[in-house]
$ cat upload.pdb   # PDB, N, CA and C atoms
ATOM      1  N   MET V 190       1.653  30.861 -19.200
ATOM      2  CA  MET V 190       1.133  30.030 -18.132
ATOM      3  C   MET V 190       1.645  28.605 -18.329
ATOM      4  N   LYS V 191       2.133  28.002 -17.251
ATOM      5  CA  LYS V 191       2.654  26.648 -17.290
ATOM      6  C   LYS V 191       1.512  25.639 -17.333
ATOM      7  N   LEU V 192       1.830  24.457 -17.833
ATOM      8  CA  LEU V 192       0.844  23.381 -17.905
ATOM      9  C   LEU V 192       0.305  23.057 -16.513
ATOM     10  N   HIS V 193       1.206  23.057 -15.520
ATOM     11  CA  HIS V 193       0.793  22.775 -14.145
ATOM     12  C   HIS V 193      -0.263  23.786 -13.679
ATOM     13  N   ASP V 194      -0.030  25.045 -13.962
ATOM     14  CA  ASP V 194      -0.981  26.093 -13.565
ATOM     15  C   ASP V 194      -2.342  25.889 -14.228
ATOM     16  N   LYS V 195      -2.323  25.484 -15.490
ATOM     17  CA  LYS V 195      -3.577  25.224 -16.200
ATOM     18  C   LYS V 195      -4.328  24.065 -15.556
ATOM     19  N   LYS V 196      -3.591  23.026 -15.171
ATOM     20  CA  LYS V 196      -4.230  21.867 -14.540
ATOM     21  C   LYS V 196      -4.830  22.247 -13.194
ATOM     22  N   VAL V 197      -4.110  23.077 -12.436
ATOM     23  CA  VAL V 197      -4.619  23.513 -11.135
ATOM     24  C   VAL V 197      -5.891  24.323 -11.321
ATOM     25  N   LYS V 198      -5.876  25.242 -12.281
ATOM     26  CA  LYS V 198      -7.072  26.049 -12.520
ATOM     27  C   LYS V 198      -8.251  25.191 -12.967
ATOM     28  N   ALA V 199      -7.982  24.216 -13.821
ATOM     29  CA  ALA V 199      -9.042  23.325 -14.287
ATOM     30  C   ALA V 199      -9.601  22.519 -13.115
ATOM     31  N   TRP V 200      -8.718  22.045 -12.248
ATOM     32  CA  TRP V 200      -9.150  21.290 -11.065
ATOM     33  C   TRP V 200     -10.043  22.157 -10.178
ATOM     34  N   LEU V 201      -9.580  23.372  -9.892
ATOM     35  CA  LEU V 201     -10.347  24.263  -9.026
ATOM     36  C   LEU V 201     -11.705  24.603  -9.622
ATOM     37  N   LYS V 202     -11.741  24.801 -10.943
ATOM     38  CA  LYS V 202     -13.010  25.119 -11.606
ATOM     39  C   LYS V 202     -13.980  23.946 -11.494
ATOM     40  N   LYS V 203     -13.434  22.726 -11.678
ATOM     41  CA  LYS V 203     -14.286  21.551 -11.685
ATOM     42  C   LYS V 203     -14.682  21.097 -10.273
ATOM     43  N   TYR V 204     -13.709  21.073  -9.341
ATOM     44  CA  TYR V 204     -13.967  20.486  -8.028
ATOM     45  C   TYR V 204     -13.968  21.488  -6.873
ATOM     46  N   GLY V 205     -13.454  22.675  -7.097
ATOM     47  CA  GLY V 205     -13.334  23.633  -5.998
ATOM     48  C   GLY V 205     -12.055  23.376  -5.217
ATOM     49  N   GLY V 206     -11.828  24.152  -4.179
ATOM     50  CA  GLY V 206     -10.611  24.014  -3.380
ATOM     51  C   GLY V 206     -10.748  22.947  -2.317
ATOM     52  N   LEU V 207      -9.659  22.731  -1.617
ATOM     53  CA  LEU V 207      -9.664  21.788  -0.506
ATOM     54  C   LEU V 207     -10.205  22.481   0.735
ATOM     55  N   SER V 208     -10.741  21.691   1.637
ATOM     56  CA  SER V 208     -11.220  22.258   2.894
ATOM     57  C   SER V 208     -10.016  22.726   3.706
ATOM     58  N   PRO V 209     -10.222  23.706   4.588
ATOM     59  CA  PRO V 209      -9.122  24.174   5.439
ATOM     60  C   PRO V 209      -8.503  23.038   6.269
ATOM     61  N   GLU V 210      -9.340  22.110   6.735
ATOM     62  CA  GLU V 210      -8.837  20.981   7.521
ATOM     63  C   GLU V 210      -7.903  20.109   6.683
ATOM     64  N   THR V 211      -8.286  19.841   5.436
ATOM     65  CA  THR V 211      -7.459  19.020   4.559
ATOM     66  C   THR V 211      -6.148  19.727   4.246
ATOM     67  N   GLU V 212      -6.205  21.031   3.982
ATOM     68  CA  GLU V 212      -4.979  21.786   3.721
ATOM     69  C   GLU V 212      -4.053  21.765   4.934
ATOM     70  N   GLN V 213      -4.608  21.863   6.134
ATOM     71  CA  GLN V 213      -3.792  21.809   7.345
ATOM     72  C   GLN V 213      -3.127  20.446   7.505
ATOM     73  N   LYS V 214      -3.883  19.380   7.225
ATOM     74  CA  LYS V 214      -3.322  18.029   7.315
ATOM     75  C   LYS V 214      -2.174  17.860   6.325
ATOM     76  N   ILE V 215      -2.381  18.332   5.110
ATOM     77  CA  ILE V 215      -1.333  18.231   4.090
ATOM     78  C   ILE V 215      -0.102  19.013   4.518
ATOM     79  N   ASN V 216      -0.304  20.226   5.012
ATOM     80  CA  ASN V 216       0.830  21.041   5.453
ATOM     81  C   ASN V 216       1.592  20.383   6.596
ATOM     82  N   ARG V 217       0.858  19.765   7.541
ATOM     83  CA  ARG V 217       1.529  19.074   8.646
ATOM     84  C   ARG V 217       2.329  17.884   8.138
ATOM     85  N   LEU V 218       1.755  17.127   7.207
ATOM     86  CA  LEU V 218       2.464  15.966   6.656
ATOM     87  C   LEU V 218       3.714  16.381   5.890
ATOM     88  N   VAL V 219       3.615  17.442   5.116
ATOM     89  CA  VAL V 219       4.770  17.939   4.364
ATOM     90  C   VAL V 219       5.859  18.403   5.324
ATOM     91  N   ALA V 220       5.474  19.124   6.363
ATOM     92  CA  ALA V 220       6.449  19.599   7.348
ATOM     93  C   ALA V 220       7.125  18.423   8.052
ATOM     94  N   LYS V 221       6.351  17.418   8.391
ATOM     95  CA  LYS V 221       6.903  16.227   9.044
ATOM     96  C   LYS V 221       7.891  15.519   8.123
ATOM     97  N   LEU V 222       7.516  15.351   6.863
ATOM     98  CA  LEU V 222       8.395  14.696   5.899
ATOM     99  C   LEU V 222       9.680  15.489   5.701
ATOM    100  N   GLU V 223       9.557  16.809   5.568
ATOM    101  CA  GLU V 223      10.744  17.640   5.391
ATOM    102  C   GLU V 223      11.664  17.530   6.597
ATOM    103  N   LYS V 224      11.095  17.510   7.785
ATOM    104  CA  LYS V 224      11.896  17.379   9.002
ATOM    105  C   LYS V 224      12.629  16.044   9.019
ATOM    106  N   GLU V 225      11.923  14.964   8.666
ATOM    107  CA  GLU V 225      12.535  13.642   8.640
ATOM    108  C   GLU V 225      13.652  13.579   7.609
ATOM    109  N   LEU V 226      13.424  14.176   6.444
ATOM    110  CA  LEU V 226      14.447  14.155   5.402
ATOM    111  C   LEU V 226      15.681  14.942   5.816
ATOM    112  N   LEU V 227      15.488  16.030   6.541
ATOM    113  CA  LEU V 227      16.617  16.842   6.989
ATOM    114  C   LEU V 227      17.387  16.172   8.118
ATOM    115  N   THR V 228      16.692  15.456   9.002
ATOM    116  CA  THR V 228      17.372  14.833  10.135
ATOM    117  C   THR V 228      17.983  13.486   9.785
ATOM    118  N   ASN V 229      17.481  12.832   8.771
ATOM    119  CA  ASN V 229      18.017  11.530   8.360
ATOM    120  C   ASN V 229      18.841  11.700   7.101
ATOM    121  N   SER V 230      20.153  11.713   7.262
ATOM    122  CA  SER V 230      21.005  11.914   6.094
ATOM    123  C   SER V 230      21.083  10.666   5.226
ATOM    124  N   THR V 231      20.768   9.533   5.804
ATOM    125  CA  THR V 231      20.770   8.305   5.018
ATOM    126  C   THR V 231      19.365   7.733   5.003
ATOM    127  N   VAL V 232      19.060   7.015   3.981
ATOM    128  CA  VAL V 232      17.755   6.377   3.870
ATOM    129  C   VAL V 232      17.753   5.128   4.734
ATOM    130  N   LYS V 233      16.744   5.014   5.569
ATOM    131  CA  LYS V 233      16.642   3.838   6.418
ATOM    132  C   LYS V 233      16.077   2.685   5.604
ATOM    133  N   LYS V 234      16.605   1.510   5.856
ATOM    134  CA  LYS V 234      16.093   0.324   5.188
ATOM    135  C   LYS V 234      14.743  -0.038   5.800
ATOM    136  N   VAL V 235      13.768  -0.268   4.962
ATOM    137  CA  VAL V 235      12.452  -0.655   5.434
ATOM    138  C   VAL V 235      12.491  -2.145   5.752
ATOM    139  N   THR V 236      12.080  -2.483   6.939
ATOM    140  CA  THR V 236      12.097  -3.891   7.319
ATOM    141  C   THR V 236      10.725  -4.492   7.089
ATOM    142  N   GLN V 237      10.730  -5.710   6.659
ATOM    143  CA  GLN V 237       9.479  -6.407   6.411
ATOM    144  C   GLN V 237       8.838  -6.788   7.732
ATOM    145  N   THR V 238       7.536  -6.747   7.771
ATOM    146  CA  THR V 238       6.831  -7.233   8.944
ATOM    147  C   THR V 238       6.988  -8.738   8.977
ATOM    148  N   LYS V 239       7.373  -9.244  10.106
ATOM    149  CA  LYS V 239       7.583 -10.686  10.230
ATOM    150  C   LYS V 239       6.345 -11.337  10.826
ATOM    151  N   TYR V 240       5.956 -12.425  10.258
ATOM    152  CA  TYR V 240       4.844 -13.206  10.775
ATOM    153  C   TYR V 240       5.399 -14.529  11.253
ATOM    154  N   ARG V 241       4.762 -15.078  12.225
ATOM    155  CA  ARG V 241       5.197 -16.381  12.720
ATOM    156  C   ARG V 241       5.080 -17.394  11.591
ATOM    157  N   ASP V 242       5.990 -18.370  11.610
ATOM    158  CA  ASP V 242       5.983 -19.393  10.569
ATOM    159  C   ASP V 242       4.657 -20.127  10.477
ATOM    160  N   SER V 243       3.916 -20.138  11.545
ATOM    161  CA  SER V 243       2.651 -20.865  11.543
ATOM    162  C   SER V 243       1.463 -19.999  11.111
ATOM    163  N   ALA V 244       1.710 -18.729  10.781
ATOM    164  CA  ALA V 244       0.604 -17.840  10.412
ATOM    165  C   ALA V 244      -0.046 -18.301   9.113
ATOM    166  N   LYS V 245      -1.357 -18.207   9.080
ATOM    167  CA  LYS V 245      -2.106 -18.588   7.889
ATOM    168  C   LYS V 245      -3.010 -17.424   7.513
ATOM    169  N   PHE V 246      -2.999 -17.069   6.252
ATOM    170  CA  PHE V 246      -3.832 -15.987   5.737
ATOM    171  C   PHE V 246      -4.910 -16.610   4.865
ATOM    172  N   ILE V 247      -6.150 -16.262   5.162
ATOM    173  CA  ILE V 247      -7.270 -16.836   4.413
ATOM    174  C   ILE V 247      -8.115 -15.690   3.878
ATOM    175  N   ARG V 248      -8.466 -15.788   2.601
ATOM    176  CA  ARG V 248      -9.294 -14.757   1.974
ATOM    177  C   ARG V 248     -10.249 -15.421   0.998
ATOM    178  N   GLU V 249     -11.480 -15.001   1.044
ATOM    179  CA  GLU V 249     -12.433 -15.437   0.034
ATOM    180  C   GLU V 249     -12.521 -14.328  -0.998
ATOM    181  N   TYR V 250     -12.354 -14.695  -2.248
ATOM    182  CA  TYR V 250     -12.371 -13.718  -3.329
ATOM    183  C   TYR V 250     -13.163 -14.298  -4.486
ATOM    184  N   ARG V 251     -14.211 -13.594  -4.872
ATOM    185  CA  ARG V 251     -15.090 -14.030  -5.968
ATOM    186  C   ARG V 251     -15.569 -15.467  -5.792
ATOM    187  N   GLY V 252     -15.993 -15.751  -4.560
ATOM    188  CA  GLY V 252     -16.594 -17.044  -4.269
ATOM    189  C   GLY V 252     -15.610 -18.179  -4.074
ATOM    190  N   LYS V 253     -14.322 -17.918  -4.094
ATOM    191  CA  LYS V 253     -13.330 -18.961  -3.927
ATOM    192  C   LYS V 253     -12.448 -18.638  -2.719
ATOM    193  N   LYS V 254     -12.097 -19.652  -1.952
ATOM    194  CA  LYS V 254     -11.297 -19.484  -0.747
ATOM    195  C   LYS V 254      -9.813 -19.668  -1.081
ATOM    196  N   TYR V 255      -8.982 -18.739  -0.614
ATOM    197  CA  TYR V 255      -7.544 -18.785  -0.854
ATOM    198  C   TYR V 255      -6.828 -18.841   0.487
ATOM    199  N   GLU V 256      -5.838 -19.733   0.600
ATOM    200  CA  GLU V 256      -5.070 -19.873   1.829
ATOM    201  C   GLU V 256      -3.591 -19.703   1.529
ATOM    202  N   VAL V 257      -2.924 -18.952   2.399
ATOM    203  CA  VAL V 257      -1.495 -18.687   2.275
ATOM    204  C   VAL V 257      -0.858 -18.962   3.630
ATOM    205  N   ASP V 258       0.276 -19.654   3.637
ATOM    206  CA  ASP V 258       1.008 -19.938   4.865
ATOM    207  C   ASP V 258       2.280 -19.111   4.920
ATOM    208  N   ALA V 259       2.565 -18.521   6.083
ATOM    209  CA  ALA V 259       3.826 -17.810   6.281
ATOM    210  C   ALA V 259       4.902 -18.846   6.568
ATOM    211  N   THR V 260       6.055 -18.682   5.946
ATOM    212  CA  THR V 260       7.203 -19.560   6.191
ATOM    213  C   THR V 260       8.409 -18.686   6.495
ATOM    214  N   LYS V 261       9.504 -19.311   6.883
ATOM    215  CA  LYS V 261      10.705 -18.524   7.174
ATOM    216  C   LYS V 261      11.276 -17.901   5.906
ATOM    217  N   ASP V 262      10.914 -18.436   4.742
ATOM    218  CA  ASP V 262      11.430 -17.931   3.471
ATOM    219  C   ASP V 262      10.487 -16.961   2.764
ATOM    220  N   GLY V 263       9.274 -16.813   3.262
ATOM    221  CA  GLY V 263       8.305 -15.942   2.608
ATOM    222  C   GLY V 263       6.894 -16.434   2.859
ATOM    223  N   PHE V 264       6.113 -16.521   1.784
ATOM    224  CA  PHE V 264       4.720 -16.937   1.886
ATOM    225  C   PHE V 264       4.459 -18.044   0.876
ATOM    226  N   LYS V 265       3.856 -19.121   1.336
ATOM    227  CA  LYS V 265       3.617 -20.280   0.480
ATOM    228  C   LYS V 265       2.171 -20.280   0.005
ATOM    229  N   TYR V 266       2.026 -20.317  -1.321
ATOM    230  CA  TYR V 266       0.705 -20.358  -1.944
ATOM    231  C   TYR V 266       0.761 -21.342  -3.096
ATOM    232  N   ARG V 267      -0.107 -22.346  -3.053
ATOM    233  CA  ARG V 267      -0.156 -23.399  -4.081
ATOM    234  C   ARG V 267       1.209 -24.040  -4.320
ATOM    235  N   GLY V 268       1.936 -24.278  -3.230
ATOM    236  CA  GLY V 268       3.214 -24.971  -3.320
ATOM    237  C   GLY V 268       4.392 -24.115  -3.752
ATOM    238  N   LYS V 269       4.157 -22.852  -4.017
ATOM    239  CA  LYS V 269       5.225 -21.949  -4.460
ATOM    240  C   LYS V 269       5.476 -20.902  -3.382
ATOM    241  N   ILE V 270       6.747 -20.531  -3.189
ATOM    242  CA  ILE V 270       7.112 -19.518  -2.204
ATOM    243  C   ILE V 270       7.158 -18.148  -2.879
ATOM    244  N   TYR V 271       6.482 -17.186  -2.284
ATOM    245  CA  TYR V 271       6.469 -15.805  -2.767
ATOM    246  C   TYR V 271       7.140 -14.926  -1.715
ATOM    247  N   ARG V 272       7.741 -13.850  -2.146
ATOM    248  CA  ARG V 272       8.411 -12.939  -1.223
ATOM    249  C   ARG V 272       7.443 -12.024  -0.494
ATOM    250  N   SER V 273       6.253 -11.817  -1.052
ATOM    251  CA  SER V 273       5.315 -10.880  -0.428
ATOM    252  C   SER V 273       3.870 -11.333  -0.615
ATOM    253  N   LEU V 274       3.031 -10.833   0.277
ATOM    254  CA  LEU V 274       1.594 -11.072   0.138
ATOM    255  C   LEU V 274       1.050 -10.337  -1.081
ATOM    256  N   SER V 275       1.664  -9.223  -1.435
ATOM    257  CA  SER V 275       1.219  -8.464  -2.604
ATOM    258  C   SER V 275       1.371  -9.271  -3.880
ATOM    259  N   ALA V 276       2.463 -10.011  -3.983
ATOM    260  CA  ALA V 276       2.673 -10.843  -5.171
ATOM    261  C   ALA V 276       1.583 -11.908  -5.284
ATOM    262  N   ILE V 277       1.185 -12.449  -4.163
ATOM    263  CA  ILE V 277       0.130 -13.467  -4.169
ATOM    264  C   ILE V 277      -1.220 -12.838  -4.494
ATOM    265  N   ALA V 278      -1.501 -11.680  -3.907
ATOM    266  CA  ALA V 278      -2.758 -10.998  -4.197
ATOM    267  C   ALA V 278      -2.855 -10.659  -5.676
ATOM    268  N   THR V 279      -1.742 -10.250  -6.265
ATOM    269  CA  THR V 279      -1.715  -9.951  -7.699
ATOM    270  C   THR V 279      -1.952 -11.216  -8.514
ATOM    271  N   GLU V 280      -1.353 -12.309  -8.086
ATOM    272  CA  GLU V 280      -1.540 -13.603  -8.752
ATOM    273  C   GLU V 280      -3.016 -14.025  -8.719
ATOM    274  N   ILE V 281      -3.653 -13.817  -7.597
ATOM    275  CA  ILE V 281      -5.050 -14.217  -7.428
ATOM    276  C   ILE V 281      -5.993 -13.338  -8.243
ATOM    277  N   THR V 282      -5.785 -12.023  -8.186
ATOM    278  CA  THR V 282      -6.742 -11.092  -8.784
ATOM    279  C   THR V 282      -6.424 -10.701 -10.221
ATOM    280  N   GLY V 283      -5.151 -10.807 -10.589
ATOM    281  CA  GLY V 283      -4.756 -10.371 -11.923
ATOM    282  C   GLY V 283      -4.467  -8.879 -12.001
ATOM    283  N   THR V 284      -4.604  -8.170 -10.876
ATOM    284  CA  THR V 284      -4.281  -6.745 -10.814
ATOM    285  C   THR V 284      -3.431  -6.497  -9.573
ATOM    286  N   ARG V 285      -2.747  -5.366  -9.551
ATOM    287  CA  ARG V 285      -1.878  -5.047  -8.419
ATOM    288  C   ARG V 285      -2.711  -4.730  -7.181
ATOM    289  N   TRP V 286      -2.295  -5.323  -6.076
ATOM    290  CA  TRP V 286      -2.964  -5.126  -4.793
ATOM    291  C   TRP V 286      -1.920  -4.949  -3.708
ATOM    292  N   ASN V 287      -2.289  -4.245  -2.642
ATOM    293  CA  ASN V 287      -1.503  -4.259  -1.423
ATOM    294  C   ASN V 287      -1.878  -5.574  -0.734
ATOM    295  N   GLY V 288      -0.921  -6.455  -0.576
ATOM    296  CA  GLY V 288      -1.201  -7.776  -0.036
ATOM    297  C   GLY V 288      -1.764  -7.774   1.365
ATOM    298  N   LYS V 289      -1.267  -6.865   2.203
ATOM    299  CA  LYS V 289      -1.771  -6.801   3.574
ATOM    300  C   LYS V 289      -3.231  -6.384   3.587
ATOM    301  N   ARG V 290      -3.587  -5.475   2.724
ATOM    302  CA  ARG V 290      -5.004  -5.067   2.625
ATOM    303  C   ARG V 290      -5.859  -6.192   2.066
ATOM    304  N   PHE V 291      -5.354  -6.842   1.030
ATOM    305  CA  PHE V 291      -6.103  -7.917   0.399
ATOM    306  C   PHE V 291      -6.440  -9.017   1.414
ATOM    307  N   PHE V 292      -5.467  -9.366   2.250
ATOM    308  CA  PHE V 292      -5.675 -10.428   3.221
ATOM    309  C   PHE V 292      -6.188  -9.918   4.574
ATOM    310  N   GLY V 293      -6.448  -8.620   4.675
ATOM    311  CA  GLY V 293      -7.056  -8.066   5.860
ATOM    312  C   GLY V 293      -6.155  -7.939   7.065
ATOM    313  N   VAL V 294      -4.843  -7.790   6.850
ATOM    314  CA  VAL V 294      -3.916  -7.648   7.976
ATOM    315  C   VAL V 294      -3.233  -6.280   7.999
ATOM    316  N   ALA V 295      -3.704  -5.342   7.188
ATOM    317  CA  ALA V 295      -3.132  -3.999   7.183
ATOM    318  C   ALA V 295      -3.489  -3.292   8.473
ATOM    319  N   SER V 296      -2.532  -2.545   8.996
ATOM    320  CA  SER V 296      -2.808  -1.834  10.257
ATOM    321  C   SER V 296      -3.460  -0.509   9.994
TER     322      SER V 296
END
$ encode --input "upload.pdb" --output "structure tokens"
Amino acid sequence: MKLHDKKVKAWLKKYGGLSPETEQKINRLVAKLEKELLTNSTVKKVTQTKYRDSAKFIREYRGKKYEVDATKDGFKYRGKIYRSLSAIATEITGTRWNGKRFFGVAS
């Protein structure tokens, strides 16, 4: 028996199986991904979401208010330019964060 099989059995014993709805969602997502991979022979470059230069992101975290300004070069926080909101969120919290979620702009 492979290690993977042992882990699956242990998972099923401890938590049970997935609901039929969840299994269907997973199967649909896998099929969609496989279709995209087969139809796209090259990897598409992911483009960054652009914010207007005047955009301001404000977040209160642990009782302190943080403000970030969008610029043409990235995001300005405490006088320093960062390439992403995630880098700033990590700087603020000390742990890795999705910057869009941290600042409440995730879709």
$ resolve_selection --input "upload.pdb" --expression "the PyMOL selection byres (((chain V and resi 266 and name CA) around 12) and name CA)" --output "JSON, numbers by chain"
{"V": [245, 246, 247, 255, 256, 257, 258, 259, 260, 263, 264, 265, 267, 268, 269, 270, 271, 272, 273, 274, 275, 276, 277, 278, 280, 281]}
$ write_last_selection --input "upload.pdb" --atoms "N, CA and C atoms" --output "mmCIF file, in the frame of the given file"
data_model
loop_
_atom_site.group_PDB
_atom_site.id
_atom_site.type_symbol
_atom_site.label_atom_id
_atom_site.label_comp_id
_atom_site.auth_asym_id
_atom_site.auth_seq_id
_atom_site.Cartn_x
_atom_site.Cartn_y
_atom_site.Cartn_z
ATOM 1 N N LYS V 245 -1.357 -18.207 9.080
ATOM 2 C CA LYS V 245 -2.106 -18.588 7.889
ATOM 3 C C LYS V 245 -3.010 -17.424 7.513
ATOM 4 N N PHE V 246 -2.999 -17.069 6.252
ATOM 5 C CA PHE V 246 -3.832 -15.987 5.737
ATOM 6 C C PHE V 246 -4.910 -16.610 4.865
ATOM 7 N N ILE V 247 -6.150 -16.262 5.162
ATOM 8 C CA ILE V 247 -7.270 -16.836 4.413
ATOM 9 C C ILE V 247 -8.115 -15.690 3.878
ATOM 10 N N TYR V 255 -8.982 -18.739 -0.614
ATOM 11 C CA TYR V 255 -7.544 -18.785 -0.854
ATOM 12 C C TYR V 255 -6.828 -18.841 0.487
ATOM 13 N N GLU V 256 -5.838 -19.733 0.600
ATOM 14 C CA GLU V 256 -5.070 -19.873 1.829
ATOM 15 C C GLU V 256 -3.591 -19.703 1.529
ATOM 16 N N VAL V 257 -2.924 -18.952 2.399
ATOM 17 C CA VAL V 257 -1.495 -18.687 2.275
ATOM 18 C C VAL V 257 -0.858 -18.962 3.630
ATOM 19 N N ASP V 258 0.276 -19.654 3.637
ATOM 20 C CA ASP V 258 1.008 -19.938 4.865
ATOM 21 C C ASP V 258 2.280 -19.111 4.920
ATOM 22 N N ALA V 259 2.565 -18.521 6.083
ATOM 23 C CA ALA V 259 3.826 -17.810 6.281
ATOM 24 C C ALA V 259 4.902 -18.846 6.568
ATOM 25 N N THR V 260 6.055 -18.682 5.946
ATOM 26 C CA THR V 260 7.203 -19.560 6.191
ATOM 27 C C THR V 260 8.409 -18.686 6.495
ATOM 28 N N GLY V 263 9.274 -16.813 3.262
ATOM 29 C CA GLY V 263 8.305 -15.942 2.608
ATOM 30 C C GLY V 263 6.894 -16.434 2.859
ATOM 31 N N PHE V 264 6.113 -16.521 1.784
ATOM 32 C CA PHE V 264 4.720 -16.937 1.886
ATOM 33 C C PHE V 264 4.459 -18.044 0.876
ATOM 34 N N LYS V 265 3.856 -19.121 1.336
ATOM 35 C CA LYS V 265 3.617 -20.280 0.480
ATOM 36 C C LYS V 265 2.171 -20.280 0.005
ATOM 37 N N ARG V 267 -0.107 -22.346 -3.053
ATOM 38 C CA ARG V 267 -0.156 -23.399 -4.081
ATOM 39 C C ARG V 267 1.209 -24.040 -4.320
ATOM 40 N N GLY V 268 1.936 -24.278 -3.230
ATOM 41 C CA GLY V 268 3.214 -24.971 -3.320
ATOM 42 C C GLY V 268 4.392 -24.115 -3.752
ATOM 43 N N LYS V 269 4.157 -22.852 -4.017
ATOM 44 C CA LYS V 269 5.225 -21.949 -4.460
ATOM 45 C C LYS V 269 5.476 -20.902 -3.382
ATOM 46 N N ILE V 270 6.747 -20.531 -3.189
ATOM 47 C CA ILE V 270 7.112 -19.518 -2.204
ATOM 48 C C ILE V 270 7.158 -18.148 -2.879
ATOM 49 N N TYR V 271 6.482 -17.186 -2.284
ATOM 50 C CA TYR V 271 6.469 -15.805 -2.767
ATOM 51 C C TYR V 271 7.140 -14.926 -1.715
ATOM 52 N N ARG V 272 7.741 -13.850 -2.146
ATOM 53 C CA ARG V 272 8.411 -12.939 -1.223
ATOM 54 C C ARG V 272 7.443 -12.024 -0.494
ATOM 55 N N SER V 273 6.253 -11.817 -1.052
ATOM 56 C CA SER V 273 5.315 -10.880 -0.428
ATOM 57 C C SER V 273 3.870 -11.333 -0.615
ATOM 58 N N LEU V 274 3.031 -10.833 0.277
ATOM 59 C CA LEU V 274 1.594 -11.072 0.138
ATOM 60 C C LEU V 274 1.050 -10.337 -1.081
ATOM 61 N N SER V 275 1.664 -9.223 -1.435
ATOM 62 C CA SER V 275 1.219 -8.464 -2.604
ATOM 63 C C SER V 275 1.371 -9.271 -3.880
ATOM 64 N N ALA V 276 2.463 -10.011 -3.983
ATOM 65 C CA ALA V 276 2.673 -10.843 -5.171
ATOM 66 C C ALA V 276 1.583 -11.908 -5.284
ATOM 67 N N ILE V 277 1.185 -12.449 -4.163
ATOM 68 C CA ILE V 277 0.130 -13.467 -4.169
ATOM 69 C C ILE V 277 -1.220 -12.838 -4.494
ATOM 70 N N ALA V 278 -1.501 -11.680 -3.907
ATOM 71 C CA ALA V 278 -2.758 -10.998 -4.197
ATOM 72 C C ALA V 278 -2.855 -10.659 -5.676
ATOM 73 N N GLU V 280 -1.353 -12.309 -8.086
ATOM 74 C CA GLU V 280 -1.540 -13.603 -8.752
ATOM 75 C C GLU V 280 -3.016 -14.025 -8.719
ATOM 76 N N ILE V 281 -3.653 -13.817 -7.597
ATOM 77 C CA ILE V 281 -5.050 -14.217 -7.428
ATOM 78 C C ILE V 281 -5.993 -13.338 -8.243
#
$ atom_distance --input "upload.pdb" --atom1 "atom N of Arg251 of chain V" --atom2 "atom N of Phe291 of chain V"
12.6 Å
$ atom_distance --input "upload.pdb" --atom1 "atom CA of Lys254 of chain V" --atom2 "atom N of Thr282 of chain V"
11.9 Å
$ atom_distance --input "upload.pdb" --atom1 "atom CA of Trp200 of chain V" --atom2 "atom CA of Glu212 of chain V"
15.4 Å
$ select_by_dssp --input "upload.pdb" --residues "chain V" --states "helix (DSSP H, G or I)" --output "PyMOL selection string"
chain V and resi 192-204+209-228+274-282+288-291
